[in-house]
>>> print(open('model_39.pdb').read())   # PDB, C-alpha atoms and all ligand atoms
MODEL        1
ATOM      1  CA  MET A   1     -18.055  37.514  54.444
ATOM      2  CA  THR A   2     -19.875  34.580  52.853
ATOM      3  CA  PRO A   3     -18.950  31.078  54.033
ATOM      4  CA  THR A   4     -17.431  28.912  51.310
ATOM      5  CA  ILE A   5     -16.418  25.299  50.850
ATOM      6  CA  ARG A   6     -12.703  24.929  50.166
ATOM      7  CA  THR A   7     -12.304  22.560  47.213
ATOM      8  CA  VAL A   8      -9.100  21.507  45.453
ATOM      9  CA  LEU A   9      -9.914  24.020  42.679
ATOM     10  CA  GLY A  10     -10.756  26.937  44.930
ATOM     11  CA  ASP A  11     -13.461  28.200  47.270
ATOM     12  CA  LEU A  12     -16.999  27.227  46.314
ATOM     13  CA  ASP A  13     -20.362  28.850  47.050
ATOM     14  CA  PRO A  14     -22.243  26.235  49.167
ATOM     15  CA  ALA A  15     -25.228  26.686  46.833
ATOM     16  CA  GLU A  16     -23.100  25.068  44.092
ATOM     17  CA  LEU A  17     -22.268  21.934  46.099
ATOM     18  CA  GLY A  18     -25.060  19.634  44.861
ATOM     19  CA  ALA A  19     -25.374  15.949  45.780
ATOM     20  CA  THR A  20     -22.389  15.208  47.999
ATOM     21  CA  ASP A  21     -20.569  12.097  49.130
ATOM     22  CA  SER A  22     -19.543  13.594  52.498
ATOM     23  CA  HIS A  23     -17.038  10.913  53.553
ATOM     24  CA  ASP A  24     -15.045   8.935  51.044
ATOM     25  CA  HIS A  25     -11.573   8.229  49.637
ATOM     26  CA  LEU A  26     -10.232   8.412  46.085
ATOM     27  CA  PHE A  27      -6.731   7.666  47.373
ATOM     28  CA  ILE A  28      -5.674   5.971  50.608
ATOM     29  CA  ARG A  29      -3.014   3.576  51.829
ATOM     30  CA  SER A  30      -2.163   2.172  55.233
ATOM     31  CA  PRO A  31       0.298  -0.434  56.499
ATOM     32  CA  LEU A  32      -2.789  -1.975  58.161
ATOM     33  CA  LEU A  33      -4.418  -2.641  54.759
ATOM     34  CA  PRO A  34      -1.680  -4.237  52.631
ATOM     35  CA  GLY A  35      -2.621  -4.912  49.023
ATOM     36  CA  GLU A  36      -5.756  -2.765  49.333
ATOM     37  CA  GLU A  37      -4.182   0.586  48.423
ATOM     38  CA  LEU A  38      -6.290   3.022  46.456
ATOM     39  CA  ASP A  39      -3.476   4.655  44.503
ATOM     40  CA  ASP A  40      -4.512   4.614  40.846
ATOM     41  CA  PRO A  41      -5.509   7.992  39.346
ATOM     42  CA  ALA A  42      -7.274   6.293  36.417
ATOM     43  CA  ALA A  43      -9.409   4.227  38.814
ATOM     44  CA  ALA A  44     -10.155   7.365  40.850
ATOM     45  CA  GLU A  45     -11.243   9.128  37.673
ATOM     46  CA  GLY A  46     -13.571   6.206  36.917
ATOM     47  CA  VAL A  47     -15.145   6.524  40.384
ATOM     48  CA  LEU A  48     -15.792  10.245  39.905
ATOM     49  CA  ARG A  49     -17.182   9.788  36.390
ATOM     50  CA  ALA A  50     -19.550   7.033  37.561
ATOM     51  CA  PHE A  51     -20.621   9.192  40.524
ATOM     52  CA  ALA A  52     -21.257  12.167  38.223
ATOM     53  CA  ALA A  53     -23.260   9.952  35.839
ATOM     54  CA  VAL A  54     -25.817   9.175  38.580
ATOM     55  CA  GLY A  55     -26.079  12.820  39.696
ATOM     56  CA  GLY A  56     -23.155  13.165  42.121
ATOM     57  CA  ARG A  57     -21.674  16.682  42.212
ATOM     58  CA  SER A  58     -19.235  16.782  45.162
ATOM     59  CA  PHE A  59     -16.870  14.329  46.830
ATOM     60  CA  VAL A  60     -15.210  14.898  50.220
ATOM     61  CA  GLN A  61     -12.033  12.885  50.729
ATOM     62  CA  TRP A  62     -11.163  12.235  54.377
ATOM     63  CA  THR A  63      -7.627  10.885  53.718
ATOM     64  CA  PRO A  64      -5.247  12.794  56.025
ATOM     65  CA  TYR A  65      -1.530  13.530  55.719
ATOM     66  CA  GLY A  66       0.766  10.506  55.335
ATOM     67  CA  MET A  67      -1.769   8.095  53.836
ATOM     68  CA  GLY A  68      -1.264   8.747  50.116
ATOM     69  CA  ARG A  69      -3.874  11.456  49.478
ATOM     70  CA  GLY A  70      -3.108  11.717  45.766
ATOM     71  CA  ALA A  71      -2.382  15.410  46.220
ATOM     72  CA  ASP A  72      -0.831  15.636  42.750
ATOM     73  CA  SER A  73      -3.943  14.224  41.051
ATOM     74  CA  LEU A  74      -6.933  15.711  42.862
ATOM     75  CA  ALA A  75      -7.129  19.037  41.029
ATOM     76  CA  ARG A  76      -6.830  17.427  37.591
ATOM     77  CA  LEU A  77      -9.415  14.762  38.458
ATOM     78  CA  SER A  78     -11.850  17.412  39.635
ATOM     79  CA  ARG A  79     -11.298  19.446  36.490
ATOM     80  CA  VAL A  80     -11.730  16.589  34.008
ATOM     81  CA  THR A  81     -14.773  15.028  35.712
ATOM     82  CA  GLY A  82     -16.533  18.232  36.806
ATOM     83  CA  VAL A  83     -16.982  16.826  40.337
ATOM     84  CA  HIS A  84     -16.033  19.203  43.176
ATOM     85  CA  VAL A  85     -13.438  17.513  45.396
ATOM     86  CA  VAL A  86     -12.562  18.510  48.967
ATOM     87  CA  ALA A  87      -9.220  17.278  50.374
ATOM     88  CA  ALA A  88      -8.164  16.808  54.000
ATOM     89  CA  THR A  89      -5.245  17.642  56.207
ATOM     90  CA  GLY A  90      -4.854  16.086  59.677
ATOM     91  CA  LEU A  91      -3.498  12.759  60.894
ATOM     92  CA  HIS A  92      -4.986   9.325  61.555
ATOM     93  CA  GLN A  93      -4.011   6.975  64.407
ATOM     94  CA  ALA A  94      -0.268   6.414  64.814
ATOM     95  CA  ALA A  95      -0.618   2.834  63.505
ATOM     96  CA  HIS A  96      -1.451   4.168  60.028
ATOM     97  CA  CYS A  97       1.777   6.194  59.774
ATOM     98  CA  ASP A  98       5.466   5.510  59.631
ATOM     99  CA  PRO A  99       6.967   6.109  63.146
ATOM    100  CA  ASP A 100       9.933   8.136  61.849
ATOM    101  CA  THR A 101       7.593  10.334  59.841
ATOM    102  CA  LEU A 102       5.467  10.939  62.916
ATOM    103  CA  ARG A 103       8.397  11.913  65.119
ATOM    104  CA  ALA A 104       9.461  14.473  62.548
ATOM    105  CA  LEU A 105       5.915  15.847  62.335
ATOM    106  CA  TYR A 106       5.075  16.446  65.982
ATOM    107  CA  ASP A 107       6.916  19.754  66.194
ATOM    108  CA  GLY A 108       4.792  22.199  64.269
ATOM    109  CA  LEU A 109       1.806  19.949  63.711
ATOM    110  CA  ALA A 110      -0.808  22.711  64.062
ATOM    111  CA  GLU A 111       1.258  24.922  61.762
ATOM    112  CA  ARG A 112       1.355  22.149  59.144
ATOM    113  CA  PHE A 113      -2.409  21.597  59.312
ATOM    114  CA  THR A 114      -2.975  25.353  59.068
ATOM    115  CA  ALA A 115      -0.593  25.707  56.109
ATOM    116  CA  GLU A 116      -2.314  22.839  54.272
ATOM    117  CA  LEU A 117      -5.679  24.586  54.751
ATOM    118  CA  THR A 118      -4.495  28.044  53.737
ATOM    119  CA  THR A 119      -1.484  27.581  51.415
ATOM    120  CA  GLY A 120      -1.558  24.071  49.978
ATOM    121  CA  LEU A 121      -1.078  20.376  50.694
ATOM    122  CA  THR A 122       2.526  19.553  51.539
ATOM    123  CA  ALA A 123       4.431  16.573  50.181
ATOM    124  CA  GLU A 124       4.114  13.270  51.991
ATOM    125  CA  PRO A 125       7.219  11.171  52.629
ATOM    126  CA  ALA A 126       8.691   8.525  50.334
ATOM    127  CA  THR A 127       5.777   6.735  48.653
ATOM    128  CA  GLU A 128       4.059   9.914  47.509
ATOM    129  CA  PRO A 129       6.797  11.953  45.823
ATOM    130  CA  ALA A 130       5.843  15.557  45.326
ATOM    131  CA  THR A 131       6.516  17.705  42.323
ATOM    132  CA  GLU A 132       7.371  20.483  44.792
ATOM    133  CA  PRO A 133       9.889  19.777  47.577
ATOM    134  CA  PRO A 134       8.483  20.151  51.114
ATOM    135  CA  GLY A 135       9.454  23.454  52.620
ATOM    136  CA  PRO A 136       8.156  26.588  54.257
ATOM    137  CA  PRO A 137       4.758  27.697  52.984
ATOM    138  CA  GLY A 138       4.891  30.056  50.044
ATOM    139  CA  PRO A 139       2.548  32.990  49.460
ATOM    140  CA  PRO A 140      -1.153  32.139  49.873
ATOM    141  CA  ALA A 141      -2.903  30.988  46.710
ATOM    142  CA  ALA A 142      -5.549  33.275  45.257
ATOM    143  CA  PRO A 143      -8.775  32.112  46.914
ATOM    144  CA  GLU A 144     -11.151  32.745  44.039
ATOM    145  CA  ALA A 145      -9.625  31.115  40.972
ATOM    146  CA  PRO A 146     -11.478  27.841  40.410
ATOM    147  CA  GLU A 147     -10.585  27.871  36.713
ATOM    148  CA  ALA A 148      -6.876  28.524  37.199
ATOM    149  CA  PRO A 149      -4.553  25.553  36.652
ATOM    150  CA  ALA A 150      -3.778  24.286  40.138
ATOM    151  CA  SER A 151      -0.252  23.149  40.902
ATOM    152  CA  PRO A 152      -0.035  20.606  43.755
ATOM    153  CA  ALA A 153       1.239  23.325  46.074
ATOM    154  CA  ALA A 154      -1.934  25.350  45.471
ATOM    155  CA  VAL A 155      -4.327  22.498  46.288
ATOM    156  CA  ARG A 156      -5.662  23.396  49.695
ATOM    157  CA  ALA A 157      -7.383  21.171  52.243
ATOM    158  CA  GLY A 158     -10.977  21.953  53.199
ATOM    159  CA  LEU A 159     -11.199  19.939  56.409
ATOM    160  CA  ILE A 160      -9.070  18.441  59.191
ATOM    161  CA  LYS A 161      -9.286  14.664  59.694
ATOM    162  CA  VAL A 162      -8.403  13.119  63.070
ATOM    163  CA  ALA A 163      -9.154   9.798  64.779
ATOM    164  CA  CYS A 164      -9.803   8.498  68.244
ATOM    165  CA  ASP A 165      -8.138   5.344  69.530
ATOM    166  CA  PRO A 166      -9.544   1.817  69.789
ATOM    167  CA  GLY A 167      -8.568   1.805  73.490
ATOM    168  CA  THR A 168      -7.221   4.393  75.923
ATOM    169  CA  THR A 169      -6.449   7.777  74.389
ATOM    170  CA  THR A 170      -2.793   7.852  73.381
ATOM    171  CA  ALA A 171      -0.328  10.735  73.589
ATOM    172  CA  HIS A 172      -0.365  10.759  69.765
ATOM    173  CA  THR A 173      -4.112  11.373  69.683
ATOM    174  CA  ARG A 174      -3.942  14.054  72.383
ATOM    175  CA  ARG A 175      -1.322  15.869  70.296
ATOM    176  CA  VAL A 176      -3.236  15.507  67.045
ATOM    177  CA  MET A 177      -6.551  16.660  68.541
ATOM    178  CA  ALA A 178      -4.878  19.690  70.158
ATOM    179  CA  ALA A 179      -3.198  20.585  66.851
ATOM    180  CA  ALA A 180      -6.485  20.123  64.965
ATOM    181  CA  ALA A 181      -8.218  22.486  67.410
ATOM    182  CA  ASP A 182      -5.420  25.055  66.952
ATOM    183  CA  ALA A 183      -5.716  24.788  63.168
ATOM    184  CA  HIS A 184      -9.500  25.110  63.455
ATOM    185  CA  ARG A 185      -9.086  28.297  65.497
ATOM    186  CA  ALA A 186      -6.623  29.704  62.954
ATOM    187  CA  THR A 187      -8.728  28.925  59.874
ATOM    188  CA  GLY A 188     -12.310  27.990  60.843
ATOM    189  CA  ALA A 189     -11.961  24.559  59.170
ATOM    190  CA  PRO A 190     -14.346  21.771  60.191
ATOM    191  CA  ILE A 191     -12.860  18.718  61.956
ATOM    192  CA  ALA A 192     -13.851  15.215  60.817
ATOM    193  CA  VAL A 193     -13.346  12.393  63.320
ATOM    194  CA  HIS A 194     -12.900   8.641  62.767
ATOM    195  CA  LEU A 195     -14.676   6.938  65.693
ATOM    196  CA  GLU A 196     -13.821   3.486  67.029
ATOM    197  CA  PRO A 197     -16.430   0.982  68.250
ATOM    198  CA  ARG A 198     -15.204   1.039  71.835
ATOM    199  CA  ALA A 199     -14.304   4.722  72.108
ATOM    200  CA  HIS A 200     -17.139   6.763  73.532
ATOM    201  CA  PRO A 201     -17.927   9.711  71.247
ATOM    202  CA  HIS A 202     -18.544  11.940  74.279
ATOM    203  CA  LEU A 203     -14.794  11.648  74.931
ATOM    204  CA  VAL A 204     -14.187  13.179  71.500
ATOM    205  CA  LEU A 205     -16.595  15.996  72.255
ATOM    206  CA  ASN A 206     -15.002  16.549  75.664
ATOM    207  CA  ARG A 207     -11.561  16.794  74.143
ATOM    208  CA  LEU A 208     -12.316  18.903  71.063
ATOM    209  CA  HIS A 209     -15.146  21.048  72.444
ATOM    210  CA  VAL A 210     -14.853  21.251  76.230
ATOM    211  CA  ARG A 211     -11.055  21.191  76.470
ATOM    212  CA  HIS A 212     -10.043  22.860  73.201
ATOM    213  CA  GLY A 213     -13.053  25.059  72.438
ATOM    214  CA  VAL A 214     -14.075  23.714  69.016
ATOM    215  CA  PRO A 215     -17.826  24.448  68.556
ATOM    216  CA  PRO A 216     -19.862  21.214  68.231
ATOM    217  CA  HIS A 217     -21.274  22.247  64.849
ATOM    218  CA  ARG A 218     -17.715  22.280  63.453
ATOM    219  CA  ILE A 219     -17.230  18.598  64.387
ATOM    220  CA  ILE A 220     -18.271  15.766  62.034
ATOM    221  CA  LEU A 221     -18.255  12.259  63.530
ATOM    222  CA  GLY A 222     -17.735   9.276  61.216
ATOM    223  CA  HIS A 223     -18.618   5.602  61.779
ATOM    224  CA  LEU A 224     -21.525   6.367  64.110
ATOM    225  CA  THR A 225     -23.241   3.105  63.217
ATOM    226  CA  ARG A 226     -20.535   1.171  65.061
ATOM    227  CA  LEU A 227     -21.894   2.658  68.321
ATOM    228  CA  PRO A 228     -25.364   1.175  68.678
ATOM    229  CA  ASP A 229     -26.645   3.367  71.557
ATOM    230  CA  VAL A 230     -29.277   5.610  69.961
ATOM    231  CA  ARG A 231     -29.532   7.752  73.102
ATOM    232  CA  VAL A 232     -25.878   8.704  72.674
ATOM    233  CA  HIS A 233     -26.556   9.599  69.035
ATOM    234  CA  ARG A 234     -29.460  11.823  70.082
ATOM    235  CA  GLU A 235     -27.462  13.557  72.839
ATOM    236  CA  LEU A 236     -24.641  14.363  70.446
ATOM    237  CA  ALA A 237     -27.070  15.562  67.775
ATOM    238  CA  ALA A 238     -28.724  17.839  70.346
ATOM    239  CA  GLU A 239     -25.278  19.337  71.066
ATOM    240  CA  GLY A 240     -25.050  20.213  67.367
ATOM    241  CA  VAL A 241     -22.392  17.834  66.021
ATOM    242  CA  TYR A 242     -22.767  16.420  62.523
ATOM    243  CA  PHE A 243     -22.709  12.710  61.754
ATOM    244  CA  ALA A 244     -21.301  11.340  58.526
ATOM    245  CA  LEU A 245     -23.201   8.091  58.123
ATOM    246  CA  ASP A 246     -20.477   6.617  56.072
ATOM    247  CA  SER A 247     -21.317   2.985  55.688
ATOM    248  CA  PRO A 248     -24.846   2.464  54.406
ATOM    249  CA  SER A 249     -23.707   1.526  50.940
ATOM    250  CA  ARG A 250     -20.731  -0.706  51.528
ATOM    251  CA  ALA A 251     -21.641  -3.358  54.134
ATOM    252  CA  GLY A 252     -17.994  -3.904  55.060
ATOM    253  CA  HIS A 253     -18.607  -4.053  58.820
ATOM    254  CA  PRO A 254     -21.371  -5.872  60.733
ATOM    255  CA  ALA A 255     -22.714  -2.553  62.043
ATOM    256  CA  ASP A 256     -23.100  -1.186  58.530
ATOM    257  CA  HIS A 257     -26.401  -3.018  58.274
ATOM    258  CA  GLN A 258     -27.749  -0.822  61.091
ATOM    259  CA  ALA A 259     -27.169   2.371  59.161
ATOM    260  CA  PHE A 260     -30.720   2.692  57.955
ATOM    261  CA  ASP A 261     -32.086   2.218  61.491
ATOM    262  CA  VAL A 262     -29.669   4.827  62.837
ATOM    263  CA  ILE A 263     -30.823   7.305  60.205
ATOM    264  CA  ALA A 264     -34.464   6.483  60.946
ATOM    265  CA  ASP A 265     -34.035   7.029  64.671
ATOM    266  CA  LEU A 266     -32.291  10.393  64.285
ATOM    267  CA  VAL A 267     -34.791  11.616  61.713
ATOM    268  CA  GLU A 268     -37.710  10.611  63.946
ATOM    269  CA  ALA A 269     -36.033  12.360  66.908
ATOM    270  CA  GLY A 270     -35.897  15.596  64.896
ATOM    271  CA  HIS A 271     -32.173  15.563  64.103
ATOM    272  CA  ALA A 272     -32.259  15.186  60.310
ATOM    273  CA  SER A 273     -30.294  18.435  59.970
ATOM    274  CA  ARG A 274     -27.249  16.766  61.581
ATOM    275  CA  LEU A 275     -26.930  13.908  59.077
ATOM    276  CA  LEU A 276     -24.516  13.573  56.163
ATOM    277  CA  LEU A 277     -24.020  10.541  53.920
ATOM    278  CA  GLY A 278     -20.839   8.997  52.564
ATOM    279  CA  ALA A 279     -19.633   5.709  51.108
ATOM    280  CA  ASP A 280     -16.218   5.668  52.899
ATOM    281  CA  THR A 281     -14.456   3.477  50.342
ATOM    282  CA  THR A 282     -11.146   2.553  51.984
ATOM    283  CA  THR A 283     -10.079  -0.581  50.097
ATOM    284  CA  ARG A 284     -10.001  -2.037  46.588
ATOM    285  CA  THR A 285     -12.477  -4.670  47.775
ATOM    286  CA  ALA A 286     -14.918  -1.992  48.940
ATOM    287  CA  ARG A 287     -14.507  -0.064  45.695
ATOM    288  CA  ARG A 288     -15.722  -3.082  43.721
ATOM    289  CA  ALA A 289     -18.979  -2.914  45.753
ATOM    290  CA  GLY A 290     -19.897   0.382  44.127
ATOM    291  CA  GLY A 291     -19.041   3.070  46.672
ATOM    292  CA  PRO A 292     -20.487   6.516  45.993
ATOM    293  CA  THR A 293     -22.545   5.331  43.036
ATOM    294  CA  GLU A 294     -24.426   2.875  45.265
ATOM    295  CA  LEU A 295     -25.004   5.673  47.754
ATOM    296  CA  LEU A 296     -27.097   7.487  45.153
ATOM    297  CA  ASN A 297     -28.540   4.443  43.352
ATOM    298  CA  ASP A 298     -29.527   2.352  46.368
ATOM    299  CA  LEU A 299     -29.738   4.332  49.600
ATOM    300  CA  VAL A 300     -31.342   7.500  48.297
ATOM    301  CA  PRO A 301     -34.430   5.800  46.798
ATOM    302  CA  ARG A 302     -34.875   3.825  50.020
ATOM    303  CA  LEU A 303     -34.685   7.008  52.107
ATOM    304  CA  ALA A 304     -37.193   8.730  49.845
ATOM    305  CA  ARG A 305     -39.622   5.797  50.044
ATOM    306  CA  THR A 306     -39.470   5.747  53.852
ATOM    307  CA  PHE A 307     -39.220   9.420  54.788
ATOM    308  CA  GLY A 308     -40.543  11.235  51.736
ATOM    309  CA  PRO A 309     -38.854  12.932  48.811
ATOM    310  CA  GLU A 310     -37.388  15.828  50.854
ATOM    311  CA  LEU A 311     -34.989  13.853  53.026
ATOM    312  CA  PRO A 312     -32.397  12.767  50.435
ATOM    313  CA  GLY A 313     -31.885  16.396  49.393
ATOM    314  CA  LEU A 314     -31.343  17.426  52.995
ATOM    315  CA  LEU A 315     -28.818  14.681  53.740
ATOM    316  CA  LEU A 316     -26.994  14.852  50.420
ATOM    317  CA  THR A 317     -26.997  18.567  49.649
ATOM    318  CA  ALA A 318     -28.291  21.032  52.264
ATOM    319  CA  ASN A 319     -26.575  19.480  55.291
ATOM    320  CA  PRO A 320     -23.102  19.093  53.733
ATOM    321  CA  ALA A 321     -23.383  22.632  52.355
ATOM    322  CA  ALA A 322     -23.733  23.817  55.971
ATOM    323  CA  ALA A 323     -21.281  21.355  57.557
ATOM    324  CA  PHE A 324     -18.344  22.074  55.229
ATOM    325  CA  ALA A 325     -18.893  25.817  54.603
ATOM    326  CA  THR A 326     -16.575  28.062  56.562
ATOM    327  CA  ASP A 327     -15.795  31.730  56.993
ATOM    328  CA  TRP A 328     -12.177  30.989  56.131
ATOM    329  CA  ARG A 329      -9.553  32.855  58.123
ATOM    330  CA  THR A 330      -5.913  33.240  57.161
ATOM    331  CA  PRO A 331      -3.581  33.487  60.152
TER     332      PRO A 331
HETATM  333 ZN    ZN B   1     -12.902   7.147  55.887
ENDMDL
END
>>> encode(input="model_39.pdb", output="structure tokens")
Amino acid sequence: MTPTIRTVLGDLDPAELGATDSHDHLFIRSPLLPGEELDDPAAAEGVLRAFAAVGGRSFVQWTPYGMGRGADSLARLSRVTGVHVVAATGLHQAAHCDPDTLRALYDGLAERFTAELTTGLTAEPATEPATEPPGPPGPPAAPEAPEAPASPAAVRAGLIKVACDPGTTTAHTRRVMAAAADAHRATGAPIAVHLEPRAHPHLVLNRLHVRHGVPPHRIILGHLTRLPDVRVHRELAAEGVYFALDSPSRAGHPADHQAFDVIADLVEAGHASRLLLGADTTTRTARRAGGPTELLNDLVPRLARTFGPELPGLLLTANPAAAFATDWRTP
């Protein structure tokens, strides 16, 4: 069986992936970011068209369940712009979700993640009305039909997004990580992790890998630049985890300015194969700064000037092709 990347239009040969924004958001909303919602399909289409115009071919959205993923729009946007789009299942920190929604989700969380990876994204509550009512998963969608018109129910997730906590690990996070590991075991899906500045990434590896058996090379850590200890970066890279360096083009956080140094250190330490790049556009303000287009227009030429012409291709194309490709299993 050949590993494939699960896009919103079907399973893709990794050789077709092309230049990839490995961590970003077309749609996202959170009660923690009022007034900054990315919820406009026309604006999302503009982002993908601009990305395609500078050579972008694939866009991986890390927005998990309950945060307005735009499930009804993703397939159409991919079709009209020609950009491959990967969607996520999973859950963020409890603070990003409605408490009543969370309570209703906890029973059967792994099953929901698994169904979203194998059958289709399920409807989110209230603010994202679905064209299909939520219910038990229907028959699996045909895996190889990228041209077929995709109904929202047939748009499958291609990764599981989770988050660690800003402080002590909460019961919510323990549940979500355990469910993500179960869904990984059932499907083979990679797990993408939002890191926090004060949460040690080894704790994430201990929980997902040591406790729950997820292989390190199936884990993608985001926001690495917020953790300035390069020895920790190197240790994790040596274990085989991937890093989505998701801030070099947006400068929305003081640590974002260190992104180039972090890349330089890991490349010089021989870990270039572990690095992915993304713009991680989470707000309207950030979107005005250019997002994925800046990733290709600004960062890539700088990487090529410093490390030679091979490195951008590795970080933008070869590495994501390996990180997101999976021998998909259906439970
Ligand atoms: Zn993100």
>>> atom_distance(input="model_39.pdb", atom1="atom CA of A:Glu16", atom2="atom CA of A:Ala244")
20.0 Å
>>> resolve_selection(input="model_39.pdb", expression="the PyMOL selection byres (((not hetatm)) within 8 of (chain B and resi 1))", output="ChimeraX atom specification")
/A:23-25,61-63,194,222,246,280-282
>>> residues_near_point(input="model_39.pdb", point="(-3.6, 14.6, 38.2)", cutoff="10 Å", atoms="only C-alpha atoms", output="list in words")
Pro41, Ala42, Glu45, Gly70, Ala71, Asp72, Ser73, Leu74, Ala75, Arg76, Leu77, Ser78, Arg79, Val80, Ala150, Ser151 and Pro152 of chain A
>>> resolve_selection(input="model_39.pdb", expression="the PyMOL selection byres (((chain A and resi 157-165) around 8) and not hetatm)", output="ChimeraX atom specification")
/A:5-8,62-64,86-93,113,116-118,120-121,155-156,166-170,173,176-177,180,184,189-196,199,204,324
>>> atom_distance(input="model_39.pdb", atom1="atom CA of A:Arg185", atom2="atom CA of A:Gly108")
15.2 Å
>>> atom_distance(input="model_39.pdb", atom1="atom CA of A:Thr187", atom2="atom CA of A:Trp328")
5.5 Å
>>> closest_residue(input="model_39.pdb", among="A:Ala237, A:Glu294, A:Leu203, A:His217", to="A:Ala322", atoms="only C-alpha atoms")
A:His217
>>> axis_aligned_box(input="model_39.pdb", around="stretch 157-175 of chain A", padding_each_side="6 Å", output="lines of an AutoDock Vina configuration file")
center_x = -5.8
center_y = 11.9
center_z = 64.1
size_x = 22.9
size_y = 32.1
size_z = 35.7
>>> residues_around(input="model_39.pdb", residues="stretch 46-51 of chain A", least_positions_apart="4", cutoff="6 Å", atoms="all atoms listed in the file", output="list in words")
Gly56, Thr81 and Thr293 of chain A
>>> resolve_selection(input="model_39.pdb", expression="the PyMOL selection byres (((chain A and resi 109) around 10) and not hetatm)", output="compact mmCIF listing (two decimals) with C-alpha atoms, keeping the file's coordinate frame")
# COMPACT_ATOMS: atom_id res chain seq x y z
CA GLY A 90 -4.85 16.09 59.68
CA LEU A 91 -3.50 12.76 60.89
CA LEU A 102 5.47 10.94 62.92
CA ALA A 104 9.46 14.47 62.55
CA LEU A 105 5.92 15.85 62.34
CA TYR A 106 5.08 16.45 65.98
CA ASP A 107 6.92 19.75 66.19
CA GLY A 108 4.79 22.20 64.27
CA ALA A 110 -0.81 22.71 64.06
CA GLU A 111 1.26 24.92 61.76
CA ARG A 112 1.36 22.15 59.14
CA PHE A 113 -2.41 21.60 59.31
CA THR A 114 -2.98 25.35 59.07
CA ALA A 115 -0.59 25.71 56.11
CA ARG A 175 -1.32 15.87 70.30
CA VAL A 176 -3.24 15.51 67.04
CA ALA A 178 -4.88 19.69 70.16
CA ALA A 179 -3.20 20.58 66.85
CA ALA A 180 -6.48 20.12 64.96
CA ASP A 182 -5.42 25.06 66.95
CA ALA A 183 -5.72 24.79 63.17
>>> closest_residue(input="model_39.pdb", among="A:Arg211, A:Pro201, A:Arg284, A:Pro320", to="A:Ala43", atoms="only C-alpha atoms")
A:Arg284
>>> closest_atom_pairs(input="model_39.pdb", of="stretch 40-119 of chain A", to="stretch 296-317 of chain A", cutoff="12 Å", atoms="all atoms listed in the file", output="Markdown table")
| residue | atom | partner | partner_atom | distance |
| --- | --- | --- | --- | --- |
| A:Ala50 | CA | A:Leu296 | CA | 10.7 |
| A:Phe51 | CA | A:Leu296 | CA | 8.1 |
| A:Ala52 | CA | A:Leu296 | CA | 10.2 |
| A:Ala53 | CA | A:Leu296 | CA | 10.4 |
| A:Val54 | CA | A:Leu296 | CA | 6.9 |
| A:Gly55 | CA | A:Leu296 | CA | 7.7 |
| A:Gly56 | CA | A:Leu296 | CA | 7.5 |
| A:Arg57 | CA | A:Thr317 | CA | 9.3 |
| A:Ser58 | CA | A:Thr317 | CA | 9.1 |
| A:Phe59 | CA | A:Leu316 | CA | 10.8 |
| A:Val60 | CA | A:Leu316 | CA | 11.8 |
>>> residues_around(input="model_39.pdb", residues="A:Pro228", least_positions_apart="6", cutoff="10 Å", atoms="all atoms listed in the file", output="list in words")
Pro197, Ala255, Gln258, Ala259, Asp261 and Val262 of chain A
